[in-house]
Amino acid sequence: MRVIKVENYNEVSERAAAMIASQVILQPDCVLGLATGSTPIGTYKKLIQWYNEGKVDFSEVMSINLDEYIGLDGSSEQSYRYFMNHNLFEHININIAKTFVPDGMAKNGEEACSLYDERIKNAGGIDLQLLGIGNNGHIGFNEPSDCFLECTHIVELEESTIAANARFFRSEEEVPKAAITMGMGGIMRAKKVLLIANGAQKAAIIKKAMEGPVTPKIPASILQLHSDCTIIYSEE
Ligand code: F6R
């Protein structure tokens, strides 16, 4: 695990974007695993800036997102598909048909999960997986649990996750109670993993995930076992 502590959020974003841009420059048809939430917004802004400056070309990239709320379709402003379109995809030259977000509206949830795993497998796996981390240590929506789940699955969100994500909704009641998330297999089989975190409220969980025992009670702790994982964080 490579840990890079930086001064502030801008530096987190710049370093993370530099890693992603390097990946795309070195391997134009790479598969990027992408995340939503507040933390990657600055990273995506930098990537958009560098795209506009002609420094990086996304035309051959495929993207596979970590998760989506159950019951929200892509036109809902709180959906992760909407987030990705709005914060990144609409501003760069990625082929939108090659951007994948789990289907939160699928009638058959189990089928949607196995199709997503097939999608990852058929893409040849993820080359670089970007992650944020929840205050409870979740990555994707792999919530603290008694075991690590390998495959894409539907998960009931923890109260603390619902409360943390309420800031994106009009009220806490509107936050969906379940989500579909890539499992630990998809994340751990990524060739490279990049986790970004910002703010004092993430310091304790980052320390536990990096230095504590590897346990599904702190899902991000599994990253200690990844052979190429970088953590960039700031306690700004
Ligand atoms: C989002 C995701 C989540 C977030 C995490 C941190 O796709 O998978 O694990 O990365 O909840 O969210 P922020 O960045 O809002 O603190």
# chains A, B, ... in the order shown; residues from 1 in each chain; ligands from 1
call {"tool": "residues_near_ligand", "arguments": {"ligand": "ligand 1", "cutoff": "6 Å", "atoms": "only C-alpha atoms and all ligand atoms", "output": "list in words"}}
result
Ala35, Thr36, Gly37, Ser38, Thr39, Leu66, Asp67, Leu131, Gly132, Ile133, Gly134, His138, Ile139, Gly140 and Phe141 of chain A
call {"tool": "write_last_selection", "arguments": {"atoms": "C-alpha atoms", "output": "PDB file, in the first residue's frame"}}
result
ATOM      1  CA  ALA A  35     -16.762   6.267  -8.095  1.00  0.00           C
ATOM      2  CA  THR A  36     -19.291   8.936  -7.166  1.00  0.00           C
ATOM      3  CA  GLY A  37     -19.664  10.987  -3.956  1.00  0.00           C
ATOM      4  CA  SER A  38     -18.155  14.334  -2.998  1.00  0.00           C
ATOM      5  CA  THR A  39     -14.515  13.286  -2.981  1.00  0.00           C
ATOM      6  CA  LEU A  66     -19.057   0.960  -8.550  1.00  0.00           C
ATOM      7  CA  ASP A  67     -22.651   1.374  -7.541  1.00  0.00           C
ATOM      8  CA  LEU A 131     -12.475   4.584  -4.721  1.00  0.00           C
ATOM      9  CA  GLY A 132     -13.719   6.894  -1.999  1.00  0.00           C
ATOM     10  CA  ILE A 133     -14.262   5.615   1.518  1.00  0.00           C
ATOM     11  CA  GLY A 134     -17.358   5.873   3.712  1.00  0.00           C
ATOM     12  CA  HIS A 138     -17.316   1.042   3.062  1.00  0.00           C
ATOM     13  CA  ILE A 139     -15.889   0.970  -0.460  1.00  0.00           C
ATOM     14  CA  GLY A 140     -18.445   0.995  -3.237  1.00  0.00           C
ATOM     15  CA  PHE A 141     -21.466   0.129  -1.114  1.00  0.00           C
TER      16      PHE A 141
END
call {"tool": "residues_around", "arguments": {"residues": "Glu156 of chain A", "least_positions_apart": "6", "cutoff": "12 Å", "atoms": "only C-alpha atoms", "output": "compact mmCIF listing (two decimals) with all heavy atoms, in the first residue's frame"}}
result
# COMPACT_ATOMS: atom_id res chain seq x y z
N TYR A 69 -28.04 3.50 -6.63
CA TYR A 69 -29.17 3.31 -5.72
C TYR A 69 -30.25 2.46 -6.37
O TYR A 69 -30.52 2.61 -7.57
CB TYR A 69 -29.80 4.66 -5.37
CG TYR A 69 -28.97 5.53 -4.46
CD1 TYR A 69 -28.48 6.74 -4.89
CD2 TYR A 69 -28.71 5.14 -3.15
CE1 TYR A 69 -27.74 7.56 -4.05
CE2 TYR A 69 -27.97 5.95 -2.30
CZ TYR A 69 -27.49 7.15 -2.76
OH TYR A 69 -26.76 7.95 -1.93
N ILE A 70 -30.87 1.62 -5.57
CA ILE A 70 -32.03 0.87 -6.06
C ILE A 70 -33.23 1.83 -6.13
O ILE A 70 -33.49 2.58 -5.18
CB ILE A 70 -32.37 -0.31 -5.10
CG1 ILE A 70 -31.24 -1.35 -5.10
CG2 ILE A 70 -33.71 -0.95 -5.45
CD1 ILE A 70 -31.08 -2.13 -6.37
N PHE A 141 -20.51 0.22 -2.24
CA PHE A 141 -21.47 0.13 -1.11
C PHE A 141 -21.28 -1.21 -0.41
O PHE A 141 -22.24 -1.82 0.05
CB PHE A 141 -22.90 0.35 -1.58
CG PHE A 141 -23.30 1.80 -1.61
CD1 PHE A 141 -24.03 2.31 -2.68
CD2 PHE A 141 -23.00 2.66 -0.56
CE1 PHE A 141 -24.42 3.64 -2.72
CE2 PHE A 141 -23.39 3.99 -0.59
CZ PHE A 141 -24.10 4.48 -1.67
N ASN A 142 -20.06 -1.67 -0.33
CA ASN A 142 -19.76 -2.86 0.48
C ASN A 142 -19.71 -2.39 1.92
O ASN A 142 -18.70 -1.86 2.40
CB ASN A 142 -18.42 -3.47 0.05
CG ASN A 142 -18.49 -4.10 -1.32
OD1 ASN A 142 -18.90 -5.24 -1.48
ND2 ASN A 142 -18.12 -3.32 -2.34
N GLU A 143 -20.84 -2.56 2.60
CA GLU A 143 -20.99 -2.08 3.96
C GLU A 143 -20.31 -3.06 4.94
O GLU A 143 -20.09 -4.23 4.61
CB GLU A 143 -22.48 -1.97 4.30
CG GLU A 143 -23.24 -0.92 3.49
CD GLU A 143 -23.03 0.50 3.99
OE1 GLU A 143 -21.87 0.91 4.21
OE2 GLU A 143 -24.03 1.23 4.13
N PRO A 144 -19.98 -2.59 6.16
CA PRO A 144 -19.41 -3.49 7.16
C PRO A 144 -20.32 -4.70 7.33
O PRO A 144 -21.54 -4.57 7.33
CB PRO A 144 -19.40 -2.64 8.43
CG PRO A 144 -19.31 -1.24 7.93
CD PRO A 144 -20.11 -1.21 6.66
N SER A 145 -19.69 -5.88 7.45
CA SER A 145 -20.48 -7.11 7.46
C SER A 145 -19.64 -8.22 8.10
O SER A 145 -18.53 -7.98 8.56
CB SER A 145 -20.85 -7.41 6.00
OG SER A 145 -20.80 -8.74 5.69
N ILE A 162 -26.91 6.20 5.08
CA ILE A 162 -28.10 6.96 4.67
C ILE A 162 -28.00 8.39 5.21
O ILE A 162 -28.22 9.36 4.48
CB ILE A 162 -29.39 6.25 5.18
CG1 ILE A 162 -29.56 4.92 4.42
CG2 ILE A 162 -30.62 7.14 5.02
CD1 ILE A 162 -30.63 4.01 4.93
N VAL A 175 -33.63 9.21 0.86
CA VAL A 175 -32.45 8.43 0.48
C VAL A 175 -32.88 6.97 0.33
O VAL A 175 -33.47 6.40 1.25
CB VAL A 175 -31.33 8.51 1.55
CG1 VAL A 175 -30.08 7.77 1.08
CG2 VAL A 175 -31.01 9.96 1.90
N PRO A 176 -32.60 6.36 -0.85
CA PRO A 176 -32.96 4.95 -0.99
C PRO A 176 -32.31 4.11 0.11
O PRO A 176 -31.22 4.43 0.58
CB PRO A 176 -32.41 4.59 -2.38
CG PRO A 176 -32.37 5.88 -3.10
CD PRO A 176 -32.03 6.91 -2.07
N LYS A 177 -32.98 3.04 0.48
CA LYS A 177 -32.49 2.22 1.59
C LYS A 177 -31.58 1.09 1.08
O LYS A 177 -31.01 0.35 1.87
CB LYS A 177 -33.65 1.61 2.39
CG LYS A 177 -34.68 2.65 2.87
CD LYS A 177 -34.11 3.51 3.98
CE LYS A 177 -35.04 4.64 4.41
NZ LYS A 177 -35.02 5.84 3.56
N ALA A 178 -31.53 0.93 -0.23
CA ALA A 178 -30.74 -0.18 -0.78
C ALA A 178 -29.99 0.29 -2.03
O ALA A 178 -30.35 1.31 -2.64
CB ALA A 178 -31.65 -1.35 -1.13
N ALA A 179 -28.96 -0.44 -2.34
CA ALA A 179 -28.14 -0.10 -3.51
C ALA A 179 -27.64 -1.38 -4.15
O ALA A 179 -27.68 -2.46 -3.55
CB ALA A 179 -26.97 0.78 -3.09
N ILE A 180 -27.17 -1.24 -5.39
CA ILE A 180 -26.50 -2.37 -6.06
C ILE A 180 -25.03 -1.97 -6.16
O ILE A 180 -24.70 -0.86 -6.56
CB ILE A 180 -27.17 -2.67 -7.42
CG1 ILE A 180 -26.41 -3.74 -8.21
CG2 ILE A 180 -27.35 -1.45 -8.28
CD1 ILE A 180 -27.21 -4.26 -9.41
N THR A 181 -24.16 -2.85 -5.72
CA THR A 181 -22.75 -2.50 -5.69
C THR A 181 -21.86 -3.60 -6.25
O THR A 181 -22.14 -4.79 -6.06
CB THR A 181 -22.28 -2.18 -4.25
OG1 THR A 181 -20.90 -1.79 -4.29
CG2 THR A 181 -22.41 -3.35 -3.28
call {"tool": "select_by_dssp", "arguments": {"residues": "segment 33-224 of chain A", "states": "strand (DSSP E)", "output": "PyMOL selection string"}}
result
chain A and resi 33-34+62-65+67-69+99-100+128-131+153-156+178-181+192-198
call {"tool": "closest_residue", "arguments": {"among": "A:Glu173, A:Lys192, A:Tyr51, A:Asp146", "to": "Pro219 of chain A", "atoms": "only C-alpha atoms"}}
result
A:Asp146
call {"tool": "residues_around", "arguments": {"residues": "Lys191 of chain A", "least_positions_apart": "6", "cutoff": "7 Å", "atoms": "only C-alpha atoms", "output": "list in words"}}
result
Ile126, Asp127, Leu128 and Asp228 of chain A
call {"tool": "closest_residue", "arguments": {"among": "A:Gly199, A:Ser13, A:Met1, A:Ala204", "to": "Glu236 of chain A", "atoms": "only C-alpha atoms"}}
result
A:Gly199
call {"tool": "select_by_dssp", "arguments": {"residues": "segment 6-142 of chain A", "states": "alpha helix (DSSP H)", "output": "ChimeraX atom specification"}}
result
/A:9-26,41-52,80-87,109-122
call {"tool": "closest_residue", "arguments": {"among": "A:Gln78, A:Asn65, A:Asn108, A:Asn87", "to": "Gln129 of chain A", "atoms": "only C-alpha atoms"}}
result
A:Asn65
call {"tool": "atom_distance", "arguments": {"atom1": "atom CA of Lys5 of chain A", "atom2": "atom CA of Ser234 of chain A"}}
result
5.7 Å
call {"tool": "atom_distance", "arguments": {"atom1": "atom CA of Glu68 of chain A", "atom2": "atom CA of Leu88 of chain A"}}
result
16.2 Å
call {"tool": "closest_atom_pairs", "arguments": {"of": "segment 176-224 of chain A", "to": "segment 114-122 of chain A", "cutoff": "9 Å", "atoms": "only C-alpha atoms", "output": "tab-separated table"}}
result
residue	atom	partner	partner_atom	distance
A:Met182	CA	A:Asp117	CA	7.8
A:Gly183	CA	A:Asp117	CA	8.8
A:Gly186	CA	A:Ile120	CA	7.2
call {"tool": "closest_residue", "arguments": {"among": "A:Phe58, A:Thr161, A:Leu26, A:Ser171", "to": "Phe89 of chain A", "atoms": "only C-alpha atoms"}}
result
A:Phe58
call {"tool": "closest_residue", "arguments": {"among": "A:Ala203, A:Leu34, A:Ala106, A:Leu72", "to": "Met84 of chain A", "atoms": "only C-alpha atoms"}}
result
A:Leu34
call {"tool": "closest_residue", "arguments": {"among": "A:Glu150, A:Asp103, A:Glu60, A:Glu11", "to": "Ser79 of chain A", "atoms": "only C-alpha atoms"}}
result
A:Asp103
call {"tool": "atom_distance", "arguments": {"atom1": "atom CA of Ser75 of chain A", "atom2": "atom CA of Leu157 of chain A"}}
result
21.7 Å
